[in-house]
Structures are given as structure tokens and as C-alpha cells.
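Q: For reference, the file run.txt (compact mmCIF, N, CA, C and O atoms) is included below:
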# COMPACT_ATOMS: atom_id res chain seq x y z
N MET I 1 0.84 -1.17 0.00
CA MET I 1 0.00 0.00 0.00
C MET I 1 0.89 1.23 0.00
O MET I 1 1.88 1.30 0.73
N ALA I 2 0.55 2.22 -0.78
CA ALA I 2 1.34 3.43 -0.90
C ALA I 2 0.99 4.40 0.22
O ALA I 2 -0.17 4.52 0.62
N ALA I 3 2.00 5.09 0.72
CA ALA I 3 1.76 6.13 1.71
C ALA I 3 1.20 7.34 0.99
O ALA I 3 1.58 7.64 -0.13
N GLY I 4 0.31 8.03 1.63
CA GLY I 4 -0.26 9.20 0.99
C GLY I 4 -1.20 9.94 1.90
O GLY I 4 -1.43 9.57 3.05
N GLY I 5 -1.75 11.00 1.36
CA GLY I 5 -2.69 11.80 2.10
C GLY I 5 -3.27 12.87 1.20
O GLY I 5 -2.97 12.95 0.02
N PHE I 6 -4.12 13.70 1.79
CA PHE I 6 -4.77 14.75 1.02
C PHE I 6 -4.95 15.98 1.88
O PHE I 6 -4.84 15.92 3.11
N CYS I 7 -5.24 17.08 1.22
CA CYS I 7 -5.52 18.34 1.90
C CYS I 7 -6.64 19.03 1.15
O CYS I 7 -6.55 19.21 -0.07
N LYS I 8 -7.71 19.38 1.85
CA LYS I 8 -8.82 20.08 1.22
C LYS I 8 -8.53 21.58 1.28
O LYS I 8 -8.20 22.12 2.33
N LEU I 9 -8.66 22.23 0.14
CA LEU I 9 -8.37 23.66 0.04
C LEU I 9 -9.64 24.47 0.32
O LEU I 9 -10.75 23.94 0.22
N PRO I 10 -9.49 25.76 0.65
CA PRO I 10 -10.67 26.58 0.96
C PRO I 10 -11.69 26.68 -0.18
O PRO I 10 -12.88 26.88 0.07
N ASN I 11 -11.25 26.54 -1.43
CA ASN I 11 -12.19 26.63 -2.54
C ASN I 11 -12.91 25.31 -2.81
O ASN I 11 -13.68 25.19 -3.76
N GLY I 12 -12.66 24.27 -2.00
CA GLY I 12 -13.36 23.00 -2.13
C GLY I 12 -12.59 21.93 -2.89
O GLY I 12 -12.97 20.76 -2.87
N THR I 13 -11.53 22.30 -3.59
CA THR I 13 -10.73 21.31 -4.30
C THR I 13 -9.77 20.63 -3.33
O THR I 13 -9.61 21.07 -2.19
N VAL I 14 -9.14 19.56 -3.79
CA VAL I 14 -8.19 18.83 -2.94
C VAL I 14 -6.86 18.65 -3.65
O VAL I 14 -6.80 18.66 -4.88
N VAL I 15 -5.82 18.50 -2.86
CA VAL I 15 -4.51 18.11 -3.36
C VAL I 15 -4.20 16.77 -2.71
O VAL I 15 -4.23 16.63 -1.49
N VAL I 16 -3.95 15.77 -3.55
CA VAL I 16 -3.64 14.41 -3.09
C VAL I 16 -2.16 14.15 -3.33
O VAL I 16 -1.64 14.45 -4.40
N ALA I 17 -1.49 13.62 -2.33
CA ALA I 17 -0.07 13.27 -2.43
C ALA I 17 0.07 11.77 -2.16
O ALA I 17 -0.49 11.25 -1.20
N LEU I 18 0.81 11.09 -3.04
CA LEU I 18 1.03 9.65 -2.90
C LEU I 18 2.49 9.30 -3.14
O LEU I 18 3.11 9.86 -4.04
N ASN I 19 3.04 8.40 -2.33
CA ASN I 19 4.35 7.81 -2.59
C ASN I 19 4.10 6.49 -3.28
O ASN I 19 3.50 5.59 -2.70
N LEU I 20 4.55 6.37 -4.52
CA LEU I 20 4.30 5.19 -5.33
C LEU I 20 5.61 4.59 -5.82
O LEU I 20 6.59 5.32 -6.01
N PRO I 21 5.62 3.28 -6.09
CA PRO I 21 6.79 2.72 -6.76
C PRO I 21 6.88 3.32 -8.16
O PRO I 21 5.86 3.56 -8.81
N SER I 22 8.08 3.58 -8.61
CA SER I 22 8.26 4.21 -9.91
C SER I 22 7.77 3.29 -11.02
O SER I 22 8.20 2.14 -11.12
N PRO I 23 6.86 3.78 -11.90
CA PRO I 23 6.39 2.94 -13.00
C PRO I 23 7.39 2.84 -14.14
O PRO I 23 7.27 1.99 -15.00
N ALA I 24 8.38 3.70 -14.16
CA ALA I 24 9.38 3.70 -15.23
C ALA I 24 10.48 2.69 -14.91
O ALA I 24 11.00 2.65 -13.79
N THR I 25 10.84 1.90 -15.89
CA THR I 25 11.88 0.89 -15.68
C THR I 25 13.26 1.52 -15.53
O THR I 25 14.12 0.95 -14.90
N HIS I 26 13.44 2.69 -16.11
CA HIS I 26 14.74 3.36 -16.03
C HIS I 26 14.90 4.18 -14.76
O HIS I 26 15.94 4.76 -14.52
N ALA I 27 13.87 4.23 -13.91
CA ALA I 27 13.93 5.00 -12.68
C ALA I 27 13.47 4.14 -11.50
O ALA I 27 12.32 4.22 -11.08
N PRO I 28 14.35 3.30 -10.96
CA PRO I 28 13.95 2.45 -9.84
C PRO I 28 13.72 3.30 -8.58
O PRO I 28 14.18 4.43 -8.49
N GLY I 29 13.04 2.73 -7.62
CA GLY I 29 12.76 3.45 -6.39
C GLY I 29 11.32 3.89 -6.34
O GLY I 29 10.45 3.29 -6.97
N SER I 30 11.06 4.93 -5.59
CA SER I 30 9.69 5.42 -5.48
C SER I 30 9.64 6.91 -5.81
O SER I 30 10.65 7.60 -5.80
N VAL I 31 8.44 7.35 -6.13
CA VAL I 31 8.22 8.74 -6.49
C VAL I 31 7.08 9.30 -5.64
O VAL I 31 6.22 8.58 -5.16
N ARG I 32 7.12 10.60 -5.44
CA ARG I 32 6.05 11.33 -4.75
C ARG I 32 5.25 12.03 -5.83
O ARG I 32 5.77 12.85 -6.59
N VAL I 33 3.97 11.68 -5.93
CA VAL I 33 3.09 12.23 -6.96
C VAL I 33 2.07 13.14 -6.30
O VAL I 33 1.48 12.79 -5.27
N LEU I 34 1.86 14.31 -6.89
CA LEU I 34 0.87 15.27 -6.39
C LEU I 34 -0.18 15.51 -7.46
O LEU I 34 0.16 15.70 -8.64
N VAL I 35 -1.45 15.50 -7.06
CA VAL I 35 -2.56 15.70 -7.99
C VAL I 35 -3.51 16.73 -7.41
O VAL I 35 -3.90 16.64 -6.25
N HIS I 36 -3.89 17.71 -8.24
CA HIS I 36 -4.89 18.70 -7.86
C HIS I 36 -6.17 18.36 -8.62
O HIS I 36 -6.14 18.21 -9.83
N ALA I 37 -7.29 18.20 -7.89
CA ALA I 37 -8.55 17.81 -8.53
C ALA I 37 -9.73 18.34 -7.71
O ALA I 37 -9.55 18.89 -6.62
N GLN I 38 -10.93 18.12 -8.24
CA GLN I 38 -12.14 18.56 -7.56
C GLN I 38 -12.41 17.78 -6.28
O GLN I 38 -12.93 18.33 -5.32
N ASN I 39 -12.07 16.49 -6.27
CA ASN I 39 -12.23 15.67 -5.07
C ASN I 39 -11.22 14.52 -5.13
O ASN I 39 -10.53 14.34 -6.13
N ARG I 40 -11.17 13.73 -4.05
CA ARG I 40 -10.19 12.64 -3.98
C ARG I 40 -10.42 11.59 -5.05
O ARG I 40 -9.47 11.08 -5.65
N ALA I 41 -11.66 11.26 -5.30
CA ALA I 41 -11.96 10.24 -6.31
C ALA I 41 -11.48 10.67 -7.69
O ALA I 41 -10.90 9.88 -8.44
N ARG I 42 -11.69 11.92 -8.06
CA ARG I 42 -11.22 12.40 -9.36
C ARG I 42 -9.71 12.45 -9.45
O ARG I 42 -9.13 12.21 -10.51
N ALA I 43 -9.05 12.75 -8.34
CA ALA I 43 -7.59 12.76 -8.34
C ALA I 43 -7.05 11.36 -8.63
O ALA I 43 -6.14 11.19 -9.44
N LEU I 44 -7.63 10.36 -7.98
CA LEU I 44 -7.18 8.98 -8.22
C LEU I 44 -7.54 8.51 -9.61
O LEU I 44 -6.79 7.77 -10.25
N THR I 45 -8.69 8.96 -10.13
CA THR I 45 -9.09 8.61 -11.49
C THR I 45 -8.10 9.19 -12.51
O THR I 45 -7.77 8.53 -13.49
N ARG I 46 -7.62 10.40 -12.26
CA ARG I 46 -6.62 10.99 -13.17
C ARG I 46 -5.38 10.11 -13.25
O ARG I 46 -4.83 9.90 -14.33
N LEU I 47 -4.93 9.59 -12.12
CA LEU I 47 -3.75 8.72 -12.12
C LEU I 47 -4.05 7.38 -12.80
O LEU I 47 -3.23 6.87 -13.55
N ARG I 48 -5.21 6.83 -12.54
CA ARG I 48 -5.56 5.55 -13.16
C ARG I 48 -5.68 5.68 -14.67
O ARG I 48 -5.32 4.77 -15.41
N ASN I 49 -6.18 6.81 -15.14
CA ASN I 49 -6.29 7.03 -16.58
C ASN I 49 -4.93 7.14 -17.26
O ASN I 49 -4.81 6.94 -18.47
N LEU I 50 -3.90 7.44 -16.50
CA LEU I 50 -2.55 7.52 -17.04
C LEU I 50 -1.82 6.18 -17.02
O LEU I 50 -0.69 6.07 -17.44
N GLY I 51 -2.49 5.14 -16.52
CA GLY I 51 -1.90 3.82 -16.52
C GLY I 51 -1.45 3.33 -15.15
O GLY I 51 -0.96 2.22 -15.01
N LEU I 52 -1.60 4.14 -14.13
CA LEU I 52 -1.25 3.73 -12.77
C LEU I 52 -2.50 3.11 -12.14
O LEU I 52 -3.20 3.74 -11.37
N ARG I 53 -2.76 1.86 -12.49
CA ARG I 53 -4.04 1.22 -12.17
C ARG I 53 -4.25 0.91 -10.69
O ARG I 53 -5.34 1.02 -10.19
N ALA I 54 -3.23 0.50 -10.00
CA ALA I 54 -3.40 0.06 -8.61
C ALA I 54 -3.11 1.19 -7.62
O ALA I 54 -2.33 1.04 -6.70
N VAL I 55 -3.76 2.32 -7.80
CA VAL I 55 -3.54 3.48 -6.94
C VAL I 55 -4.75 3.65 -6.03
O VAL I 55 -5.87 3.82 -6.50
N TYR I 56 -4.49 3.57 -4.72
CA TYR I 56 -5.55 3.76 -3.73
C TYR I 56 -5.05 4.68 -2.64
O TYR I 56 -3.86 4.73 -2.35
N LEU I 57 -5.96 5.41 -2.03
CA LEU I 57 -5.62 6.30 -0.93
C LEU I 57 -6.37 5.82 0.30
O LEU I 57 -7.59 5.88 0.36
N ARG I 58 -5.63 5.29 1.25
CA ARG I 58 -6.22 4.80 2.48
C ARG I 58 -5.64 5.61 3.64
O ARG I 58 -4.48 5.49 3.97
N GLY I 59 -6.46 6.45 4.20
CA GLY I 59 -6.02 7.26 5.32
C GLY I 59 -5.36 8.56 4.88
O GLY I 59 -5.37 8.93 3.71
N ASN I 60 -4.78 9.22 5.86
CA ASN I 60 -4.15 10.52 5.61
C ASN I 60 -2.81 10.57 6.35
O ASN I 60 -2.51 11.55 7.03
N ALA I 61 -2.01 9.53 6.19
CA ALA I 61 -0.75 9.40 6.93
C ALA I 61 0.34 10.35 6.43
O ALA I 61 1.19 10.77 7.21
N ALA I 62 0.35 10.67 5.15
CA ALA I 62 1.40 11.53 4.58
C ALA I 62 0.76 12.61 3.71
O ALA I 62 0.87 12.58 2.49
N PRO I 63 0.09 13.59 4.33
CA PRO I 63 -0.55 14.64 3.54
C PRO I 63 0.49 15.55 2.88
O PRO I 63 1.65 15.57 3.29
N PRO I 64 0.08 16.29 1.85
CA PRO I 64 1.03 17.19 1.20
C PRO I 64 1.42 18.34 2.11
O PRO I 64 0.62 18.82 2.90
N THR I 65 2.68 18.73 1.98
CA THR I 65 3.17 19.88 2.75
C THR I 65 2.72 21.16 2.07
O THR I 65 2.32 21.15 0.90
N PRO I 66 2.79 22.30 2.76
CA PRO I 66 2.43 23.56 2.12
C PRO I 66 3.25 23.86 0.86
O PRO I 66 2.73 24.39 -0.12
N ASP I 67 4.53 23.50 0.86
CA ASP I 67 5.36 23.71 -0.33
C ASP I 67 4.89 22.84 -1.49
O ASP I 67 4.91 23.27 -2.65
N GLU I 68 4.48 21.61 -1.20
CA GLU I 68 3.98 20.74 -2.25
C GLU I 68 2.66 21.25 -2.81
O GLU I 68 2.44 21.21 -4.02
N ILE I 69 1.81 21.76 -1.95
CA ILE I 69 0.54 22.32 -2.40
C ILE I 69 0.78 23.50 -3.33
O ILE I 69 0.17 23.61 -4.40
N THR I 70 1.70 24.37 -2.95
CA THR I 70 2.03 25.51 -3.79
C THR I 70 2.57 25.07 -5.14
O THR I 70 2.19 25.62 -6.18
N ALA I 71 3.42 24.06 -5.15
CA ALA I 71 4.00 23.57 -6.40
C ALA I 71 2.94 23.04 -7.35
O ALA I 71 2.94 23.36 -8.54
N VAL I 72 2.03 22.23 -6.86
CA VAL I 72 1.02 21.64 -7.74
C VAL I 72 -0.01 22.67 -8.19
O VAL I 72 -0.51 22.61 -9.31
N LEU I 73 -0.31 23.65 -7.36
CA LEU I 73 -1.27 24.69 -7.76
C LEU I 73 -0.70 25.60 -8.84
O LEU I 73 -1.45 26.15 -9.65
N HIS I 74 0.62 25.76 -8.88
CA HIS I 74 1.24 26.62 -9.88
C HIS I 74 1.59 25.89 -11.16
O HIS I 74 2.08 26.50 -12.10
N HIS I 75 1.36 24.58 -11.22
CA HIS I 75 1.65 23.82 -12.44
C HIS I 75 0.39 23.78 -13.29
O HIS I 75 -0.70 23.53 -12.78
N PRO I 76 0.49 24.04 -14.60
CA PRO I 76 -0.71 24.10 -15.44
C PRO I 76 -1.49 22.79 -15.51
O PRO I 76 -2.71 22.82 -15.63
N ASP I 77 -0.81 21.65 -15.42
CA ASP I 77 -1.52 20.36 -15.48
C ASP I 77 -2.10 19.94 -14.14
O ASP I 77 -3.01 19.14 -14.08
N GLY I 78 -1.53 20.44 -13.05
CA GLY I 78 -1.99 20.04 -11.73
C GLY I 78 -1.63 18.61 -11.39
O GLY I 78 -2.28 17.98 -10.57
N LEU I 79 -0.57 18.10 -12.01
CA LEU I 79 -0.16 16.71 -11.81
C LEU I 79 1.36 16.65 -11.97
O LEU I 79 1.87 16.76 -13.07
N ILE I 80 2.08 16.51 -10.84
CA ILE I 80 3.54 16.57 -10.86
C ILE I 80 4.12 15.44 -10.00
O ILE I 80 3.41 14.82 -9.22
N TRP I 81 5.44 15.22 -10.14
CA TRP I 81 6.13 14.18 -9.36
C TRP I 81 7.58 14.56 -9.15
O TRP I 81 8.13 15.40 -9.85
N ARG I 82 8.21 13.91 -8.18
CA ARG I 82 9.66 13.93 -7.98
C ARG I 82 10.04 12.69 -7.18
O ARG I 82 9.18 12.02 -6.61
N THR I 83 11.31 12.39 -7.14
CA THR I 83 11.78 11.21 -6.42
C THR I 83 11.46 11.34 -4.94
O THR I 83 11.69 12.39 -4.34
N ALA I 84 10.92 10.27 -4.38
CA ALA I 84 10.58 10.27 -2.95
C ALA I 84 11.84 10.07 -2.13
O ALA I 84 12.78 9.41 -2.58
N PRO I 85 11.89 10.61 -0.92
CA PRO I 85 13.06 10.40 -0.07
C PRO I 85 13.21 8.92 0.27
O PRO I 85 12.23 8.17 0.32
N ALA I 86 14.43 8.50 0.51
CA ALA I 86 14.72 7.10 0.77
C ALA I 86 14.01 6.59 2.02
O ALA I 86 13.55 5.47 2.07
N GLY I 87 13.89 7.43 3.03
CA GLY I 87 13.24 7.03 4.27
C GLY I 87 11.73 7.00 4.17
O GLY I 87 11.05 6.51 5.05
N GLY I 88 11.19 7.55 3.10
CA GLY I 88 9.75 7.55 2.92
C GLY I 88 9.06 8.77 3.51
O GLY I 88 7.89 8.99 3.29
N GLY I 89 9.77 9.56 4.28
CA GLY I 89 9.16 10.72 4.91
C GLY I 89 9.71 12.00 4.33
O GLY I 89 10.50 12.00 3.40
N THR I 90 9.26 13.09 4.88
CA THR I 90 9.79 14.38 4.47
C THR I 90 10.47 14.99 5.68
O THR I 90 9.96 14.93 6.79
N GLY I 91 11.63 15.55 5.48
CA GLY I 91 12.38 16.11 6.59
C GLY I 91 13.36 17.14 6.11
O GLY I 91 13.52 17.37 4.92
N PRO I 92 14.06 17.78 7.04
CA PRO I 92 15.01 18.82 6.66
C PRO I 92 16.22 18.29 5.90
O PRO I 92 16.87 19.02 5.18
N ASP I 93 16.52 16.99 6.05
CA ASP I 93 17.67 16.42 5.35
C ASP I 93 17.32 15.98 3.93
O ASP I 93 18.16 15.42 3.23
N LEU I 94 16.10 16.25 3.49
CA LEU I 94 15.65 15.87 2.15
C LEU I 94 16.41 16.66 1.10
O LEU I 94 16.49 17.88 1.16
N VAL I 95 17.00 15.95 0.14
CA VAL I 95 17.68 16.62 -0.97
C VAL I 95 16.61 17.19 -1.88
O VAL I 95 15.71 16.49 -2.32
N GLN I 96 16.69 18.48 -2.15
CA GLN I 96 15.66 19.14 -2.94
C GLN I 96 15.83 18.85 -4.42
O GLN I 96 16.90 19.06 -4.99
N GLU I 97 14.80 18.33 -5.01
CA GLU I 97 14.76 18.04 -6.44
C GLU I 97 13.60 18.84 -7.01
O GLU I 97 12.57 19.01 -6.35
N LEU I 98 13.74 19.32 -8.21
CA LEU I 98 12.66 20.06 -8.84
C LEU I 98 11.51 19.12 -9.19
O LEU I 98 11.71 17.93 -9.41
N TRP I 99 10.31 19.67 -9.25
CA TRP I 99 9.14 18.89 -9.64
C TRP I 99 9.13 18.72 -11.15
O TRP I 99 9.54 19.60 -11.88
N HIS I 100 8.64 17.57 -11.60
CA HIS I 100 8.56 17.25 -13.02
C HIS I 100 7.11 17.04 -13.42
O HIS I 100 6.32 16.54 -12.62
N PRO I 101 6.76 17.36 -14.67
CA PRO I 101 5.42 17.02 -15.14
C PRO I 101 5.28 15.50 -15.24
O PRO I 101 6.27 14.79 -15.44
N ILE I 102 4.08 15.00 -15.13
CA ILE I 102 3.86 13.56 -15.11
C ILE I 102 4.28 12.91 -16.43
O ILE I 102 4.68 11.75 -16.44
N ARG I 103 4.26 13.64 -17.52
CA ARG I 103 4.68 13.09 -18.82
C ARG I 103 6.12 12.60 -18.77
O ARG I 103 6.48 11.63 -19.41
N ALA I 104 6.96 13.28 -17.99
CA ALA I 104 8.37 12.88 -17.90
C ALA I 104 8.53 11.54 -17.20
O ALA I 104 9.47 10.80 -17.48
N LEU I 105 7.63 11.19 -16.32
CA LEU I 105 7.70 9.91 -15.61
C LEU I 105 7.19 8.77 -16.48
O LEU I 105 7.75 7.68 -16.47
N LEU I 106 6.15 9.02 -17.23
CA LEU I 106 5.50 7.97 -18.00
C LEU I 106 6.06 7.81 -19.39
O LEU I 106 5.67 6.90 -20.11
N ARG I 107 6.98 8.69 -19.78
CA ARG I 107 7.58 8.61 -21.11
C ARG I 107 8.38 7.35 -21.26
O ARG I 107 9.14 6.96 -20.37
N ARG I 108 8.23 6.68 -22.36
CA ARG I 108 8.98 5.46 -22.63
C ARG I 108 10.40 5.82 -23.04
O ARG I 108 10.61 6.72 -23.86
N PRO I 109 11.42 5.13 -22.51
CA PRO I 109 12.79 5.42 -22.95
C PRO I 109 12.98 5.01 -24.41
O PRO I 109 12.42 4.00 -24.85
N THR I 110 13.74 5.78 -25.12
CA THR I 110 13.97 5.48 -26.52
C THR I 110 14.92 4.30 -26.66
O THR I 110 15.84 4.13 -25.88
N ALA I 111 14.68 3.48 -27.66
CA ALA I 111 15.53 2.31 -27.90
C ALA I 111 16.84 2.75 -28.52
O ALA I 111 16.86 3.54 -29.47
N ARG I 112 17.94 2.27 -27.99
CA ARG I 112 19.25 2.63 -28.52
C ARG I 112 19.69 1.57 -29.53
O ARG I 112 19.59 0.38 -29.28
N THR I 113 20.19 2.02 -30.65
CA THR I 113 20.65 1.08 -31.68
C THR I 113 22.13 1.13 -31.84
O THR I 113 22.81 2.02 -31.48
How would this structure read if it were set down as C-alpha cells?
A:
Amino acid sequence: MAAGGFCKLPNGTVVVALNLPSPATHAPGSVRVLVHAQNRARALTRLRNLGLRAVYLRGNAAPPTPDEITAVLHHPDGLIWRTAPAGGGTGPDLVQELWHPIRALLRRPTART
């Protein structure tokens, strides 16, 4: 089960954050995915429509931080990711990586000849 959580915003929308195993074969490990949507069900549906079929949100153990909320609200797609910390949590020792659009995670690596 993936760690994750959500935060309801004053305008009624939600930001869902999930730590998932990386779907890309060239990027082992896990990723932190943020989704901005009208409700939790629509946020998970957006991920499932992209091919991440086994995505569920159970509980609110790892909600998005204020910085993560700001990042996803300022992205035009409202769907971003970055490498998750090795410990699975967020802390001051976290190496800062820029957020990437979801297309960069799901892109197939080109075949080398």
C-alpha cells in the first residue's frame, strides 16, 4: 500500500499526495506524486487514466506539505512528481529536487541502436 494523504483547500478542491513505486523501468525506487482535482476520487481517477491502475488512498498518513501544495497549484496540469526520499518521509535532510510534469515519468525510454 502506498503512503499518501490529502488536503482540502478553501475553494473545495483537494490536493492528493502519494508515494508510489516508480512505473518507469529506467527510474527504480519510489516517487512522490501530487494531484490537484475537484475531489479525492477524481484525483485517483486521473492517475488511473494515465496507466497507474493500482492506486488507492487509504487514510491521511502523509498529507502534502504547504510547499507541495504551492508547487502543484502553480503547475498548469496540476499533476507533478519527484523522487521520494529514501526514508519515505519528508524532513530537513531531504535533498531538494525540482518537480517534473507527469509526462516525464510515464515517457517510454527510446531504444538505442
Q: Nearest to His74 (chain I): which of I:Gly12, I:Gly5, I:Pro21, I:Pro101 is it, counting only C-alpha atoms?
A: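 With only C-alpha atoms as the atom set, the closest residue is I:Pro101.
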Q: Please extract the residues of region 32-78 of chain I with a backbone DSSP assignment of strand (DSSP E) and present them as a list in words.
A: Arg32, Val33, Leu34, Val35, His36 and Ala37 of chain I
Q: Write out as a PyMOL selection string the residues lying within 9 Å of Val55 (chain I), counting only C-alpha atoms and excluding same-chain residues fewer than 2 positions away.
A: chain I and resi 1-2+18+20+44-45+47-48+52-53+57
Q: Quick check, in Å to one decimal: how far apart do atom N of Pro64 (chain I) and CA of Asn39 (chain I) lie?
A: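 Here the two named atoms are 14.1 Å from each other.
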Q: Quick one: of I:Leu79, I:Asp67, I:Pro10, I:Ala3, who's nearest to Leu50 (chain I), counting only C-alpha atoms?
A: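 Of I:Leu79, I:Asp67, I:Pro10, I:Ala3, the one nearest Leu50 (chain I), counting only C-alpha atoms, is I:Leu79.
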Q: Between I:Glu97, I:Cys7, I:Thr13, I:Ala54, which has the minimum distance to Arg82 (chain I) (counting all atoms listed in the file)?
A: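 Among the listed residues, I:Glu97 lies closest to Arg82 (chain I).
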Q: What does the distance from atom C of Leu73 (chain I) to CA of Gly29 (chain I) come to in Å, to one decimal?
A: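 These two atoms are separated by 26.0 Å.
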Q: Could you check how far atom N of Asp77 (chain I) sits from CA of Gln96 (chain I), in Å to one decimal?
A: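 Computing it gives 20.8 Å between the two atoms.
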